[in-house]
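Trainee: Sharing a structure here in C-alpha cells format.
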Amino acid sequence: MAEIASEEPQKGGKKQPKKLPAHVDMTPMVDLMCILITFFMLTTAFNKPKIMEIVLPEKIRKNENIEPPKIAKSRTLNIILGPDDKVFWYPGIADDPDNPPPLRETDFSADGIRQVLLERNRALFRKVSQFNEDVISGKIDIPRDSVQNAITQLKREDDTGPIVLIKAYKKAKYGNFVDIIDEMSICDIARYTFVDLSWLEEEIVENTINARAGAQSNQN
Amino acid sequence: MPKIKLPAKSPRIDMTPMVDLFSVLLIFFVLTATVRPQEAAPVDVPFSVSEKHVPDANIMTVILSKDNRVYFNVDNGPDTILQYRQHILNEMGVRYGIEFTPQELRKFADINCSFGVPIQEMKNFLKARNMREREPYETGIPIDSTDNQLAMWILCTRQVNPAVQACIKGDADTEFPIVREVLDILQDKNVNRFNLITSLEVIEVTEEKNE
C-alpha cells in the first residue's frame with residue numbers, strides 16, 4: 001500500500017538519507033480499539049425491555065351512583081394469586097358463606113393454570129391460532145398492521161370464553177401478577193380484569209392454606 | 001548435503017487486517033449503542049411473551065424495588081429537548097413550597113436516572129455529586145395517604161406533559177399490596193392504561209396436549 005518509491009541514485013558523493021521502514025506499528029491502535037469495543041459491548045443494552053399493556057376498568061367512586069356491570073355466573077372464572085407462586089381457582093361466584101366453592105390449587109407451569117384456561121377458552125383459542133396460521137400460509141391476505149386489529153375483533157365477537165376475574169391474596173408477589181396477565185395473552189382470553197378480593201374469598205383462601213399446612217405437619 | 005537455509009523471517013505480524021476488523025466492529029457498536037439507563041435500585045423484571053418495545057419518550061415510570069421502595073422516573077434517561085424534567089420539578093417545588101434554583105433544576109434534568117427521594121430531601125439530593133453520595137437520600141417516595149408524594153409527581157408530570165404514558169417496572173419479588181396501592185394511586189389520577197415493563201420470554205403453546 002504505502003511504499004516509498006526508491007529515489008534515483010544521485011550524482012556525486014551525496015549521502016542518501018536513511019530509509020525509514022514503511023510499516024507503522026499497529027499494536028497500540030489495536031489495544032485502543034480492543035478497549036473501545038469492550039466498552040461499547042458492555043454498555044449496550046441488547047435486549048431492550050418490553051412492555052405489556054393492561055387496561056383496568058375505571059374506578060367507581062363512592063359518590064357516584066353507578067352499578068358495577070353484571071356478568072354471567074356460568075362464564076365466570078375466578079383466579080386467586082396465592083403465596084409461594086400458588087394459584088387458586090374456582091368457577092362461578094362465592095356469595096354464600098355457609099357453602100363456599102371448593103378452591104382448586106394449581107401453579108404457573110405449562111400444565112397448571114394454562115390448561116385450565118385453554119380448556120375453557122378452546123373455541124376462541126382455535127379461532128385465533130387458525131387465523132394466525134392462515135395469515136402465515138397466505139390463505140388470508142391482509143396487511144401486517146391489521147392482523148392485531150383482526151384478532152382484537154375476533155376476541156370482541158367471542159361469547160363463549162370465560163370471563164376471568166383475577167384477584168390477589170395479600171401475600172402474592174408482583175411477578176405472579178405479571179405471570180397471570182401473561183397467561184391471559186398466551187391463552188387468548190378475551191375478557192379479563194383485575195378485582196379486589198372479597199372478605200369471604202379471603203377467608204376461604206386462608207382456610208385452604210391453613211388446611212394444607214395442617215395436613216403437611218401431620219404428615220411429618 | 002548442505003542444509004536448506006530457511007530465510008530468516010521477521011517476527012512481526014501484519015496487524016492491518018486485524019485493525020480493519022476491529023474498526024468495523026467498533027463502528028457497528030458505536031452506531032447500535034443505546035446506553036443502558038442507570039437505575040437507582042436494581043430491579044429484576046418478570047418475564048412475559050409481549051414483544052412491544054418500551055417507548056423512548058413520553059413515559060413516566062414507577063419503579064418498585066425488592067425492598068418495597070418506590071422510585072420514579074420521567075422519560076428514559078437524560079432530559080429531552082422539551083425539558084419536561086425541569087418543569088416537573090419546578091411544579092413540585094411550587095406545590096410543596098420549596099424554591100429550586102435554576103442550577104438545581106438543571107442538575108435534576110441532568111441526572112439521567114430514576115430517583116426515590118422525598119421532596120423535602122430533594123435539595124440535599126441534588127447537592128450530591130455522584131451516586132454513592134446520593135444513596136442515603138434514596139429512601140423511596142412516600143405513598144401513604146397522609147403524604148402521597150407519588151400522586152403529586154404523577155399529577156405534575158401529566159400536567160406538564162399530557163401525552164405521558166404510565167409504566168410500572170417492578171421487581172418480581174415485590175409484595176403485592178404495594179403494587180395494588182400504586183395501581184390505586186394511578187387510577188385515582190384517572191390513569192387506567194398501564195404498561196408493565198417485562199423482559200421477553202418465548203413460549204410456544206399448542207393445543208395438542210389436551211386433546
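Ordering of the C-alpha cells sets the chain letters (A, B, ...); residue numbers start at 1 within each chain; ligands are numbered from 1 in the order shown.
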Select residues of chain B: the criterion is any atom within 7 Å of an atom of chain A, counting only C-alpha atoms; output as a PyMOL selection string.

Mentor: chain B and resi 15+19+22+26+29-30+33-36+46+48-54+170+172-177+179+187+192-200

Trainee: If you run DSSP on the backbone, which residues of region 28-189 of chain A are alpha helix (DSSP H), as a ChimeraX atom specification?

Mentor: /A:28-43,113-120,122-137,145-157,174-186

Trainee: Give the strand (DSSP E) residues of region 28-209 of chain A, as assigned by DSSP on the backbone, as a PyMOL selection string.

Mentor: chain A and resi 50-55+76-81+87-91+104-106+163-168+191-194

Trainee: Those same residues - N, CA and C atoms - I'd like them written as a PDB file, in the first residue's frame.

Mentor:
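Result went into again_19.pdb, see below:
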```pdb
ATOM      1  N   LYS A  50     -39.305  -4.921  27.286  1.00  0.00           N
ATOM      2  CA  LYS A  50     -40.577  -4.924  26.571  1.00  0.00           C
ATOM      3  C   LYS A  50     -41.677  -4.421  27.492  1.00  0.00           C
ATOM      4  N   ILE A  51     -42.797  -4.062  26.899  1.00  0.00           N
ATOM      5  CA  ILE A  51     -43.911  -3.659  27.749  1.00  0.00           C
ATOM      6  C   ILE A  51     -45.128  -4.526  27.486  1.00  0.00           C
ATOM      7  N   MET A  52     -45.901  -4.676  28.525  1.00  0.00           N
ATOM      8  CA  MET A  52     -47.125  -5.434  28.428  1.00  0.00           C
ATOM      9  C   MET A  52     -48.234  -4.467  28.816  1.00  0.00           C
ATOM     10  N   GLU A  53     -49.178  -4.320  27.934  1.00  0.00           N
ATOM     11  CA  GLU A  53     -50.208  -3.331  28.211  1.00  0.00           C
ATOM     12  C   GLU A  53     -51.348  -3.951  29.005  1.00  0.00           C
ATOM     13  N   ILE A  54     -51.867  -3.216  29.935  1.00  0.00           N
ATOM     14  CA  ILE A  54     -53.036  -3.694  30.672  1.00  0.00           C
ATOM     15  C   ILE A  54     -53.955  -2.507  30.920  1.00  0.00           C
ATOM     16  N   VAL A  55     -55.212  -2.710  30.652  1.00  0.00           N
ATOM     17  CA  VAL A  55     -56.186  -1.648  30.865  1.00  0.00           C
ATOM     18  C   VAL A  55     -57.139  -2.100  31.948  1.00  0.00           C
ATOM     19  N   THR A  76     -68.062 -17.132  34.556  1.00  0.00           N
ATOM     20  CA  THR A  76     -67.050 -16.520  35.402  1.00  0.00           C
ATOM     21  C   THR A  76     -66.032 -17.549  35.877  1.00  0.00           C
ATOM     22  N   LEU A  77     -64.786 -17.156  35.807  1.00  0.00           N
ATOM     23  CA  LEU A  77     -63.717 -17.985  36.350  1.00  0.00           C
ATOM     24  C   LEU A  77     -62.886 -17.081  37.257  1.00  0.00           C
ATOM     25  N   ASN A  78     -62.803 -17.455  38.520  1.00  0.00           N
ATOM     26  CA  ASN A  78     -62.037 -16.636  39.466  1.00  0.00           C
ATOM     27  C   ASN A  78     -60.666 -17.235  39.647  1.00  0.00           C
ATOM     28  N   ILE A  79     -59.659 -16.396  39.554  1.00  0.00           N
ATOM     29  CA  ILE A  79     -58.296 -16.854  39.798  1.00  0.00           C
ATOM     30  C   ILE A  79     -57.743 -16.045  40.953  1.00  0.00           C
ATOM     31  N   ILE A  80     -57.282 -16.717  41.963  1.00  0.00           N
ATOM     32  CA  ILE A  80     -56.721 -16.017  43.121  1.00  0.00           C
ATOM     33  C   ILE A  80     -55.236 -16.336  43.206  1.00  0.00           C
ATOM     34  N   LEU A  81     -54.430 -15.297  43.201  1.00  0.00           N
ATOM     35  CA  LEU A  81     -52.986 -15.484  43.310  1.00  0.00           C
ATOM     36  C   LEU A  81     -52.646 -15.686  44.774  1.00  0.00           C
ATOM     37  N   VAL A  87     -51.556 -20.804  42.717  1.00  0.00           N
ATOM     38  CA  VAL A  87     -52.756 -20.176  42.162  1.00  0.00           C
ATOM     39  C   VAL A  87     -53.962 -20.991  42.605  1.00  0.00           C
ATOM     40  N   PHE A  88     -54.986 -20.307  43.039  1.00  0.00           N
ATOM     41  CA  PHE A  88     -56.242 -20.988  43.360  1.00  0.00           C
ATOM     42  C   PHE A  88     -57.274 -20.536  42.346  1.00  0.00           C
ATOM     43  N   TRP A  89     -58.173 -21.444  42.010  1.00  0.00           N
ATOM     44  CA  TRP A  89     -59.228 -21.014  41.091  1.00  0.00           C
ATOM     45  C   TRP A  89     -60.530 -21.716  41.409  1.00  0.00           C
ATOM     46  N   TYR A  90     -61.617 -21.050  41.098  1.00  0.00           N
ATOM     47  CA  TYR A  90     -62.925 -21.677  41.202  1.00  0.00           C
ATOM     48  C   TYR A  90     -63.847 -21.001  40.211  1.00  0.00           C
ATOM     49  N   PRO A  91     -64.791 -21.757  39.643  1.00  0.00           N
ATOM     50  CA  PRO A  91     -65.751 -21.155  38.727  1.00  0.00           C
ATOM     51  C   PRO A  91     -66.922 -20.559  39.504  1.00  0.00           C
ATOM     52  N   ARG A 104     -59.552 -24.872  43.929  1.00  0.00           N
ATOM     53  CA  ARG A 104     -58.582 -25.823  43.385  1.00  0.00           C
ATOM     54  C   ARG A 104     -57.238 -25.124  43.334  1.00  0.00           C
ATOM     55  N   GLU A 105     -56.217 -25.901  43.643  1.00  0.00           N
ATOM     56  CA  GLU A 105     -54.889 -25.312  43.676  1.00  0.00           C
ATOM     57  C   GLU A 105     -54.100 -25.769  42.457  1.00  0.00           C
ATOM     58  N   THR A 106     -53.366 -24.831  41.870  1.00  0.00           N
ATOM     59  CA  THR A 106     -52.509 -25.205  40.750  1.00  0.00           C
ATOM     60  C   THR A 106     -51.314 -24.256  40.735  1.00  0.00           C
ATOM     61  N   ILE A 163     -65.011 -15.390  31.465  1.00  0.00           N
ATOM     62  CA  ILE A 163     -64.703 -14.042  31.938  1.00  0.00           C
ATOM     63  C   ILE A 163     -63.853 -14.244  33.177  1.00  0.00           C
ATOM     64  N   VAL A 164     -62.603 -13.866  33.085  1.00  0.00           N
ATOM     65  CA  VAL A 164     -61.681 -14.196  34.162  1.00  0.00           C
ATOM     66  C   VAL A 164     -61.552 -13.014  35.112  1.00  0.00           C
ATOM     67  N   LEU A 165     -61.765 -13.283  36.375  1.00  0.00           N
ATOM     68  CA  LEU A 165     -61.551 -12.257  37.392  1.00  0.00           C
ATOM     69  C   LEU A 165     -60.273 -12.611  38.145  1.00  0.00           C
ATOM     70  N   ILE A 166     -59.305 -11.739  38.038  1.00  0.00           N
ATOM     71  CA  ILE A 166     -58.031 -12.006  38.700  1.00  0.00           C
ATOM     72  C   ILE A 166     -58.037 -11.302  40.045  1.00  0.00           C
ATOM     73  N   LYS A 167     -57.718 -12.031  41.072  1.00  0.00           N
ATOM     74  CA  LYS A 167     -57.682 -11.456  42.413  1.00  0.00           C
ATOM     75  C   LYS A 167     -56.370 -11.837  43.051  1.00  0.00           C
ATOM     76  N   ALA A 168     -55.918 -11.033  43.961  1.00  0.00           N
ATOM     77  CA  ALA A 168     -54.637 -11.331  44.584  1.00  0.00           C
ATOM     78  C   ALA A 168     -54.772 -11.377  46.090  1.00  0.00           C
ATOM     79  N   ARG A 191     -61.791 -11.716  27.727  1.00  0.00           N
ATOM     80  CA  ARG A 191     -62.274 -10.823  28.781  1.00  0.00           C
ATOM     81  C   ARG A 191     -61.656 -11.187  30.117  1.00  0.00           C
ATOM     82  N   TYR A 192     -60.872 -10.269  30.639  1.00  0.00           N
ATOM     83  CA  TYR A 192     -60.345 -10.488  31.981  1.00  0.00           C
ATOM     84  C   TYR A 192     -60.161  -9.147  32.636  1.00  0.00           C
ATOM     85  N   THR A 193     -60.243  -9.151  33.938  1.00  0.00           N
ATOM     86  CA  THR A 193     -59.955  -7.922  34.643  1.00  0.00           C
ATOM     87  C   THR A 193     -59.413  -8.257  36.018  1.00  0.00           C
ATOM     88  N   PHE A 194     -58.977  -7.230  36.674  1.00  0.00           N
ATOM     89  CA  PHE A 194     -58.358  -7.382  37.972  1.00  0.00           C
ATOM     90  C   PHE A 194     -59.277  -6.765  39.011  1.00  0.00           C
TER      91      PHE A 194
END
```

Trainee: So that I can see what lies close to Val43 (chain B), please list as a ChimeraX atom specification the residues with an atom at most 8 Å from it, counting only C-alpha atoms and leaving out residues fewer than 6 positions away in the same chain.

Mentor: /B:64-66,169-171

Trainee: Write out as a list in words each polymer residue whose atoms come within 9 Å of Ile59 (chain B), counting only C-alpha atoms; drop sequence neighbours fewer than 6 positions from it.

Mentor: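 Residues near the query, excluding close chain neighbours: Asn73, Val74, Asp75, Asn76, Ala163, Val164, Gln165, Ala166 and Cys167 of chain B.
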
Trainee: Next, the residues of the selection above should be written as a PDB file, in the first residue's frame with C-alpha atoms.

Mentor:
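Okay, this is what ended up in part.pdb:
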```pdb
ATOM      1  CA  ASN B  73     -38.530   8.364  36.534  1.00  0.00           C
ATOM      2  CA  VAL B  74     -39.644  10.660  33.772  1.00  0.00           C
ATOM      3  CA  ASP B  75     -38.701   9.606  30.256  1.00  0.00           C
ATOM      4  CA  ASN B  76     -35.741   7.340  29.806  1.00  0.00           C
ATOM      5  CA  ALA B 163     -49.291  12.746  26.410  1.00  0.00           C
ATOM      6  CA  VAL B 164     -47.349  10.839  29.019  1.00  0.00           C
ATOM      7  CA  GLN B 165     -47.920   7.097  29.407  1.00  0.00           C
ATOM      8  CA  ALA B 166     -47.640   5.286  32.698  1.00  0.00           C
ATOM      9  CA  CYS B 167     -45.202   2.401  33.020  1.00  0.00           C
TER      10      CYS B 167
END
```

Trainee: Hey, which of A:Val147, A:Val195, A:Ile113, A:Leu154 ends up closest to Asp184 (chain B)? Count only C-alpha atoms.

Mentor: A:Val195

Trainee: Quick one, how far is CA of Val182 (chain B) from CA of Thr61 (chain B)?

Mentor: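 Interatomic distance here is 11.4 Å.
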
Trainee: Just how far from CA of Phe115 (chain B) is CA of Glu39 (chain B), in Å to one decimal?

Mentor: 8.2 Å

Trainee: In Å, rounded to a single decimal, give me how far CA of Glu181 (chain B) is from CA of Asn58 (chain B).

Mentor: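 Here the two named atoms are 23.2 Å from each other.
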
Trainee: Which residue, A:Ala215, A:Ile209, A:Ile142, A:Val128, has the smallest gap to Asp84 (chain A) when you use only C-alpha atoms?

Mentor: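 When distances to Asp84 (chain A) are compared using only C-alpha atoms, the smallest one comes from A:Ile209.
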
Trainee: Return the single residue from A:Gln219, A:Thr160, A:Asn121, A:Asp145 that is closest to Ile189 (chain A), with distances computed using only C-alpha atoms.

Mentor: A:Asn121

Trainee: If we count only C-alpha atoms and set the cut-off at 9 Å, which residues sit around region 89-94 of chain B, ignoring sequence neighbours fewer than 3 positions away in its own chain? Please answer as number ranges by chain.

Mentor: B: 84-86, 97-100, 105, 108-109, 119, 152-153, 156-157, 160

Trainee: A:Arg120, A:Lys139, A:Arg156, A:Lys86: which is nearest Ser74 (chain A), counting only C-alpha atoms?

Mentor: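 Between A:Arg120, A:Lys139, A:Arg156, A:Lys86, the residue approaching Ser74 (chain A) most closely is A:Arg120.
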